[in-house]
$ cat data.cif   # mmCIF, C-alpha atoms
data_start
loop_
_atom_site.label_atom_id
_atom_site.label_comp_id
_atom_site.auth_asym_id
_atom_site.auth_seq_id
_atom_site.Cartn_x
_atom_site.Cartn_y
_atom_site.Cartn_z
CA MET A 1 108.98 33.57 -281.82
CA ARG A 2 112.01 32.13 -280.01
CA GLU A 3 112.83 35.56 -278.73
CA PHE A 4 109.26 35.96 -277.48
CA LEU A 5 109.33 32.61 -275.68
CA ASP A 6 112.71 33.47 -274.14
CA MET A 7 111.23 36.59 -272.44
CA GLY A 8 114.62 38.30 -272.31
CA GLY A 9 116.02 35.48 -270.20
CA TYR A 10 113.13 35.57 -267.71
CA ALA A 11 111.18 32.72 -269.34
CA ALA A 12 111.56 30.49 -266.26
CA PHE A 13 109.75 33.12 -264.15
CA VAL A 14 107.33 34.78 -266.58
CA TRP A 15 105.71 31.67 -268.07
CA PRO A 16 105.11 29.80 -264.79
CA SER A 17 103.49 32.93 -263.34
CA TYR A 18 101.12 33.11 -266.34
CA ALA A 19 100.46 29.37 -266.16
CA VAL A 20 99.62 29.43 -262.44
CA THR A 21 97.33 32.47 -262.64
CA LEU A 22 95.47 31.32 -265.75
CA ALA A 23 95.11 27.87 -264.17
CA VAL A 24 93.47 29.57 -261.18
CA VAL A 25 91.10 31.35 -263.58
CA VAL A 26 90.14 28.11 -265.36
CA LEU A 27 89.84 26.15 -262.09
CA ASN A 28 87.48 28.81 -260.72
CA ILE A 29 85.14 28.16 -263.65
CA VAL A 30 85.31 24.38 -263.14
CA TRP A 31 84.88 24.60 -259.34
CA ALA A 32 81.97 27.06 -259.50
CA ARG A 33 80.11 24.94 -262.05
CA SER A 34 80.63 21.71 -260.12
CA SER A 35 79.62 23.41 -256.86
CA LEU A 36 76.36 24.58 -258.45
CA ALA A 37 75.76 21.13 -259.94
CA ARG A 38 76.29 19.52 -256.51
CA SER A 39 73.84 21.92 -254.84
CA ARG A 40 71.26 21.30 -257.57
CA ALA A 41 71.62 17.51 -257.17
CA ALA A 42 71.27 17.81 -253.39
CA ALA A 43 68.18 20.01 -253.74
CA ARG A 44 66.69 17.49 -256.17
CA ARG A 45 67.27 14.68 -253.67
CA ARG A 46 65.62 16.73 -250.89
CA LEU A 47 62.59 17.39 -253.08
CA ALA A 48 62.32 13.71 -253.95
CA ALA A 49 62.56 12.75 -250.27
CA ALA A 50 59.92 15.35 -249.32
CA GLY A 51 57.70 14.08 -252.15
CA ALA A 52 58.00 10.49 -250.86
CA ASP A 53 56.94 11.58 -247.37
CA ALA A 54 53.85 13.39 -248.59
CA MET B 55 58.05 54.88 -248.81
CA SER B 56 57.44 51.29 -249.71
CA TRP B 57 60.07 48.66 -248.91
CA THR B 58 58.62 46.01 -251.19
CA TRP B 59 61.33 46.59 -253.79
CA PHE B 60 63.95 45.81 -251.16
CA HIS B 61 62.28 42.57 -250.10
CA ARG B 62 61.81 41.57 -253.69
CA LEU B 63 65.45 42.34 -254.42
CA ALA B 64 66.61 40.26 -251.47
CA SER B 65 64.20 37.37 -252.02
CA PRO B 66 66.05 34.14 -252.87
CA PRO B 67 64.05 33.23 -256.01
CA HIS B 68 64.54 36.71 -257.43
CA ILE B 69 68.28 36.69 -256.74
CA TYR B 70 68.61 33.15 -258.12
CA ARG B 71 67.00 34.06 -261.44
CA LEU B 72 68.77 37.42 -261.61
CA ALA B 73 72.14 35.73 -261.02
CA GLN B 74 71.40 33.24 -263.79
CA ARG B 75 70.44 35.98 -266.25
CA LEU B 76 73.37 38.26 -265.42
CA THR B 77 76.19 35.68 -265.51
CA PRO B 78 76.90 35.84 -269.31
CA TRP B 79 76.90 39.66 -269.19
CA PHE B 80 79.93 39.49 -266.91
CA ALA B 81 81.55 36.29 -268.19
CA TRP B 82 81.95 37.23 -271.87
CA PRO B 83 83.31 40.77 -271.36
CA ALA B 84 85.67 39.30 -268.73
CA GLY B 85 86.98 36.75 -271.23
CA ALA B 86 87.41 39.37 -273.97
CA LEU B 87 89.21 41.79 -271.62
CA ILE B 88 91.55 39.11 -270.27
CA LEU B 89 92.51 37.95 -273.79
CA ALA B 90 93.09 41.52 -274.99
CA ALA B 91 95.10 42.32 -271.86
CA LEU B 92 97.24 39.18 -272.37
CA TYR B 93 98.10 40.37 -275.88
CA GLY B 94 98.75 43.90 -274.65
CA GLY B 95 100.88 42.76 -271.72
CA LEU B 96 102.92 40.09 -273.46
CA VAL B 97 103.28 41.63 -276.95
CA LEU B 98 102.43 45.33 -277.14
CA ALA B 99 103.91 46.63 -273.88
CA PRO B 100 107.62 47.50 -274.17
CA PRO B 101 110.14 45.80 -271.85
CA ASP B 102 110.91 47.65 -268.61
CA TYR B 103 114.16 49.65 -268.61
CA GLN B 104 115.29 47.98 -265.40
CA GLN B 105 113.55 44.60 -265.28
CA GLY B 106 113.39 43.83 -269.02
CA ASP B 107 110.69 41.30 -269.89
CA GLY B 108 110.63 40.07 -266.28
CA PHE B 109 108.30 42.94 -265.39
CA ARG B 110 105.52 41.23 -267.44
CA ILE B 111 104.78 39.14 -264.34
CA ILE B 112 102.95 42.28 -263.16
CA TYR B 113 100.02 41.46 -265.49
CA MET B 114 99.34 38.30 -263.48
CA HIS B 115 100.62 39.34 -260.06
CA ALA B 116 98.96 42.73 -259.54
CA PRO B 117 95.47 41.69 -260.75
CA SER B 118 95.65 38.55 -258.56
CA ALA B 119 96.67 40.64 -255.56
CA TRP B 120 93.87 43.10 -256.34
CA MET B 121 91.42 40.18 -256.43
CA SER B 122 92.66 38.83 -253.11
CA LEU B 123 91.84 42.16 -251.41
CA MET B 124 88.71 43.11 -253.36
CA VAL B 125 87.11 39.68 -252.90
CA TYR B 126 87.89 39.74 -249.18
CA THR B 127 86.33 43.20 -248.84
CA THR B 128 83.22 42.00 -250.69
CA MET B 129 83.06 38.95 -248.42
CA ALA B 130 83.41 41.01 -245.22
CA VAL B 131 80.80 43.58 -246.33
CA ALA B 132 78.36 40.79 -247.28
CA ALA B 133 79.01 39.09 -243.93
CA ALA B 134 78.39 42.34 -242.04
CA VAL B 135 75.15 42.99 -243.96
CA ALA B 136 74.06 39.40 -243.24
CA LEU B 137 74.77 39.76 -239.51
CA ILE B 138 73.10 43.16 -239.15
CA TRP B 139 69.98 42.61 -241.26
CA ARG B 140 69.81 38.80 -240.91
CA MET B 141 69.83 38.41 -244.68
CA LYS B 142 70.23 34.81 -245.81
CA VAL B 143 71.22 35.90 -249.33
CA ALA B 144 74.08 38.02 -247.95
CA HIS B 145 75.41 34.96 -246.09
CA ALA B 146 75.25 33.10 -249.40
CA VAL B 147 77.29 35.87 -251.07
CA ALA B 148 79.95 35.76 -248.34
CA ALA B 149 80.23 31.98 -248.55
CA SER B 150 80.58 32.17 -252.34
CA CYS B 151 83.47 34.65 -252.13
CA ALA B 152 85.86 32.59 -249.99
CA PRO B 153 87.11 29.92 -252.44
CA ILE B 154 87.49 32.51 -255.22
CA GLY B 155 89.47 34.86 -252.98
CA ALA B 156 91.63 32.06 -251.56
CA SER B 157 92.60 30.81 -255.03
CA PHE B 158 93.63 34.27 -256.26
CA THR B 159 95.57 34.88 -253.03
CA ILE B 160 97.56 31.73 -253.85
CA ALA B 161 98.13 33.09 -257.39
CA ALA B 162 99.33 36.42 -255.93
CA LEU B 163 101.74 34.67 -253.54
CA VAL B 164 103.12 32.26 -256.19
CA THR B 165 103.57 34.95 -258.89
CA GLY B 166 105.11 37.23 -256.26
CA SER B 167 107.58 34.51 -255.41
CA LEU B 168 108.37 34.00 -259.12
CA TRP B 169 108.98 37.73 -259.41
CA GLY B 170 110.98 37.99 -256.19
CA GLU B 171 113.56 35.38 -257.10
CA PRO B 172 115.00 37.12 -260.22
CA MET B 173 114.54 40.71 -258.93
CA TRP B 174 115.29 40.47 -255.19
CA GLY B 175 117.25 37.21 -255.24
CA THR B 176 114.82 35.40 -252.93
CA TRP B 177 111.63 33.36 -253.31
CA TRP B 178 110.35 34.41 -249.91
CA GLU B 179 111.11 36.94 -247.22
CA TRP B 180 109.24 37.55 -243.94
CA ASP B 181 108.54 41.05 -245.11
CA PRO B 182 105.44 43.02 -243.95
CA ARG B 183 103.71 42.88 -247.36
CA LEU B 184 104.41 39.20 -247.98
CA THR B 185 103.56 38.17 -244.43
CA SER B 186 100.27 40.09 -244.31
CA GLU B 187 99.26 38.60 -247.68
CA LEU B 188 100.02 35.12 -246.32
CA ILE B 189 97.82 35.92 -243.30
CA LEU B 190 95.05 36.83 -245.78
CA LEU B 191 95.32 33.32 -247.24
CA PHE B 192 95.03 31.86 -243.73
CA LEU B 193 91.95 34.03 -243.08
CA TYR B 194 90.29 32.64 -246.23
CA LEU B 195 91.26 29.07 -245.34
CA GLY B 196 90.19 29.58 -241.72
CA TYR B 197 86.83 30.91 -242.89
CA MET B 198 86.30 27.91 -245.16
CA GLY B 199 87.52 25.46 -242.50
CA LEU B 200 85.20 26.98 -239.91
CA ARG B 201 82.22 26.68 -242.26
CA GLY B 202 83.10 23.07 -243.00
CA ALA B 203 83.49 22.22 -239.31
CA ILE B 204 80.05 23.48 -238.18
CA GLU B 205 77.23 21.12 -239.01
CA ASP B 206 74.27 23.50 -238.54
CA PRO B 207 74.19 25.78 -241.63
CA GLN B 208 72.76 28.80 -239.77
CA ARG B 209 75.40 28.62 -237.08
CA ALA B 210 78.09 28.08 -239.74
CA ASP B 211 76.86 31.24 -241.50
CA ARG B 212 76.86 33.38 -238.36
CA THR B 213 80.15 32.16 -236.87
CA SER B 214 82.09 32.41 -240.13
CA ALA B 215 80.59 35.86 -240.79
CA VAL B 216 82.09 37.13 -237.52
CA LEU B 217 85.52 35.85 -238.58
CA ALA B 218 85.15 37.50 -242.02
CA VAL B 219 84.22 40.86 -240.46
CA VAL B 220 87.03 40.79 -237.88
CA GLY B 221 89.57 39.80 -240.54
CA ILE B 222 88.91 42.96 -242.56
CA VAL B 223 91.52 44.78 -240.40
CA ASN B 224 94.15 42.89 -242.38
CA VAL B 225 93.10 44.51 -245.69
CA PRO B 226 94.39 48.06 -245.00
CA ILE B 227 97.44 46.52 -243.33
CA ILE B 228 98.29 44.73 -246.59
CA HIS B 229 97.63 47.79 -248.71
CA TYR B 230 99.64 50.23 -246.58
CA SER B 231 102.34 47.74 -245.49
CA VAL B 232 104.73 49.03 -248.17
CA THR B 233 104.24 52.62 -246.97
CA TRP B 234 104.21 52.06 -243.20
CA TRP B 235 107.21 49.74 -243.00
CA ASN B 236 110.46 49.46 -244.81
CA SER B 237 109.44 46.75 -247.25
CA LEU B 238 111.30 44.84 -249.93
CA HIS B 239 108.12 45.16 -251.99
CA GLN B 240 107.81 48.16 -254.28
CA ALA B 241 105.29 50.92 -253.55
CA PRO B 242 101.91 50.87 -255.35
CA SER B 243 102.12 51.97 -258.99
CA VAL B 244 98.38 52.00 -259.78
CA MET B 245 96.38 51.96 -256.52
CA ARG B 246 97.79 55.25 -255.27
CA LEU B 247 96.76 58.86 -254.92
CA GLY B 248 97.65 60.84 -258.00
CA LYS B 249 98.79 59.51 -261.33
CA PRO B 250 99.95 55.90 -261.77
CA THR B 251 103.72 55.58 -262.18
CA LEU B 252 103.57 53.19 -265.14
CA SER B 253 103.78 54.47 -268.72
CA THR B 254 100.57 54.29 -270.78
CA PRO B 255 101.42 51.24 -272.99
CA MET B 256 102.34 49.32 -269.83
CA LEU B 257 99.42 50.63 -267.79
CA VAL B 258 96.54 50.01 -270.23
CA PRO B 259 96.90 46.18 -270.34
CA LEU B 260 97.22 46.16 -266.54
CA LEU B 261 94.00 48.12 -266.04
CA MET B 262 92.25 45.89 -268.61
CA MET B 263 93.43 42.77 -266.80
CA MET B 264 92.27 44.13 -263.44
CA LEU B 265 88.86 45.01 -264.87
CA GLY B 266 88.69 41.63 -266.65
CA PHE B 267 89.49 39.78 -263.40
CA THR B 268 86.90 41.87 -261.53
CA LEU B 269 84.16 41.01 -264.04
CA PHE B 270 85.33 37.39 -263.92
CA PHE B 271 84.91 37.45 -260.13
CA VAL B 272 81.33 38.68 -260.48
CA ALA B 273 80.52 35.95 -263.04
CA VAL B 274 81.98 33.16 -260.86
CA LEU B 275 80.32 34.66 -257.77
CA LEU B 276 76.92 34.61 -259.50
CA VAL B 277 77.29 30.92 -260.40
CA ARG B 278 78.40 29.96 -256.88
CA LEU B 279 75.70 32.14 -255.33
CA ARG B 280 72.95 30.11 -257.01
CA GLY B 281 74.30 26.94 -255.39
CA GLU B 282 74.60 28.61 -251.99
CA ILE B 283 71.00 29.89 -252.23
CA LEU B 284 69.73 26.38 -253.05
CA VAL B 285 71.59 24.96 -250.02
CA ARG B 286 69.86 27.48 -247.72
CA GLU B 287 66.34 27.02 -249.09
CA ARG B 288 64.50 24.05 -247.64
CA SER B 289 61.53 22.65 -249.56
CA ALA B 290 60.57 25.92 -251.22
CA SER B 291 58.21 25.51 -254.12
CA TRP B 292 60.26 27.74 -256.42
CA ILE B 293 63.18 25.31 -256.15
CA ARG B 294 61.15 22.70 -258.02
CA GLU B 295 60.63 25.28 -260.72
CA VAL B 296 64.30 26.30 -261.14
CA LEU B 297 65.47 22.69 -261.03
CA SER B 298 63.27 21.73 -263.94
CA THR B 299 65.12 24.14 -266.26
#

$ encode --input "data.cif" --output "structure tokens"
Amino acid sequence: MREFLDMGGYAAFVWPSYAVTLAVVVLNIVWARSSLARSRAAARRRLAAAGADA
Amino acid sequence: MSWTWFHRLASPPHIYRLAQRLTPWFAWPAGALILAALYGGLVLAPPDYQQGDGFRIIYMHAPSAWMSLMVYTTMAVAAAVALIWRMKVAHAVAASCAPIGASFTIAALVTGSLWGEPMWGTWWEWDPRLTSELILLFLYLGYMGLRGAIEDPQRADRTSAVLAVVGIVNVPIIHYSVTWWNSLHQAPSVMRLGKPTLSTPMLVPLLMMMLGFTLFFVAVLLVRLRGEILVRERSASWIREVLST
């Protein structure tokens, strides 16, 4: 296990590169979901406003 | 020949529902492939004879770099289709691509820097490959900034689409930079004519990661696309329907 974590002496370069890339993957999920939720909320507000006018 | 299938395919409600239905079919295989490729790349693949375990950065760096170019190409093609055929849905696709592509371009640049320091002895060099990839990031950021700066959504769509289409010239420059100029960066080992130069146990996790990232891109694109379609549809009756679910 220690040997694995040490990455042949390249731990300081290998692990940050995995951390950064996988963080980008996870953030893409979070950002996409929140962007869709924002658009849905905005569309709901527009519908409500249009309904009030009618 | 009837064109109704085309109009149906490109109609916002159809695309919205299709995107919703298709998302899990891309998301779950993407997750499975990425996990399997992580195990293959970190555990099963043997260390490189020159770079030791440091070469394992390739499993993050190359797929991120692939994403940066593939997503940009998708964005530029969607923008061109939107400009030529005045397709609102294609504008929505292009707009959805930008933040995904920008984030993976950052991952490619950061992991490249983390690979450059131990192997070349420098975090950054104004080398053709590195510089053109940085320009790609600026194209993505410029595209997003331009969209944000224009109030009218239709004008934002059209103006940013022109930038996306013009910027495509940078994509072959990035790809061929290591062949055309004397670059610090190594030549392609997978995206080349003829056989890849990596050995099979090293290559298989890399191809799985690239496929996993590609499917992941489609899944994230489909989620973002739904939001972008909603933004572009004003007071359509089907919106009430999709919002209730």

$ residues_around --input "data.cif" --residues "Gly266 (chain B)" --least-positions-apart "6" --cutoff "12 Å" --atoms "all atoms listed in the file" --output "MDAnalysis selection string"
(chainID A and resid 25) or (chainID B and resid 80:92 113:114 117:118 120:121 259:260 272:273)

$ residues_around --input "data.cif" --residues "Val14 (chain A)" --least-positions-apart "6" --cutoff "9 Å" --atoms "all atoms listed in the file" --output "VMD selection string"
(chain A and resid 7) or (chain B and resid 107 to 111 165 168 to 169)

$ closest_residue --input "data.cif" --among "B:Ile204, B:Arg278, B:Tyr197, B:Leu297" --to "Ser34 (chain A)" --atoms "only C-alpha atoms"
B:Arg278

$ resolve_selection --input "data.cif" --expression "the PyMOL selection byres ((chain A) within 7 of (chain B))" --output "list of chain:residue names"
A:Met7, A:Gly8, A:Tyr10, A:Phe13, A:Val14, A:Ser17, A:Tyr18, A:Val20, A:Thr21, A:Val24, A:Asn28, A:Ile29, A:Ala32, A:Arg33, A:Ser35, A:Leu36, A:Ser39, A:Arg40, A:Ala43, A:Leu47

$ atom_distance --input "data.cif" --atom1 "CA of Leu22 (chain A)" --atom2 "CA of Met263 (chain B)"
11.7 Å

$ atom_distance --input "data.cif" --atom1 "CA of Asp211 (chain B)" --atom2 "CA of Tyr194 (chain B)"
14.3 Å

$ atom_distance --input "data.cif" --atom1 "CA of Arg71 (chain B)" --atom2 "CA of Ala42 (chain A)"
18.6 Å

$ closest_residue --input "data.cif" --among "B:Val131, B:Met264, B:Ala146, B:Leu269" --to "Thr77 (chain B)" --atoms "all atoms listed in the file"
B:Leu269
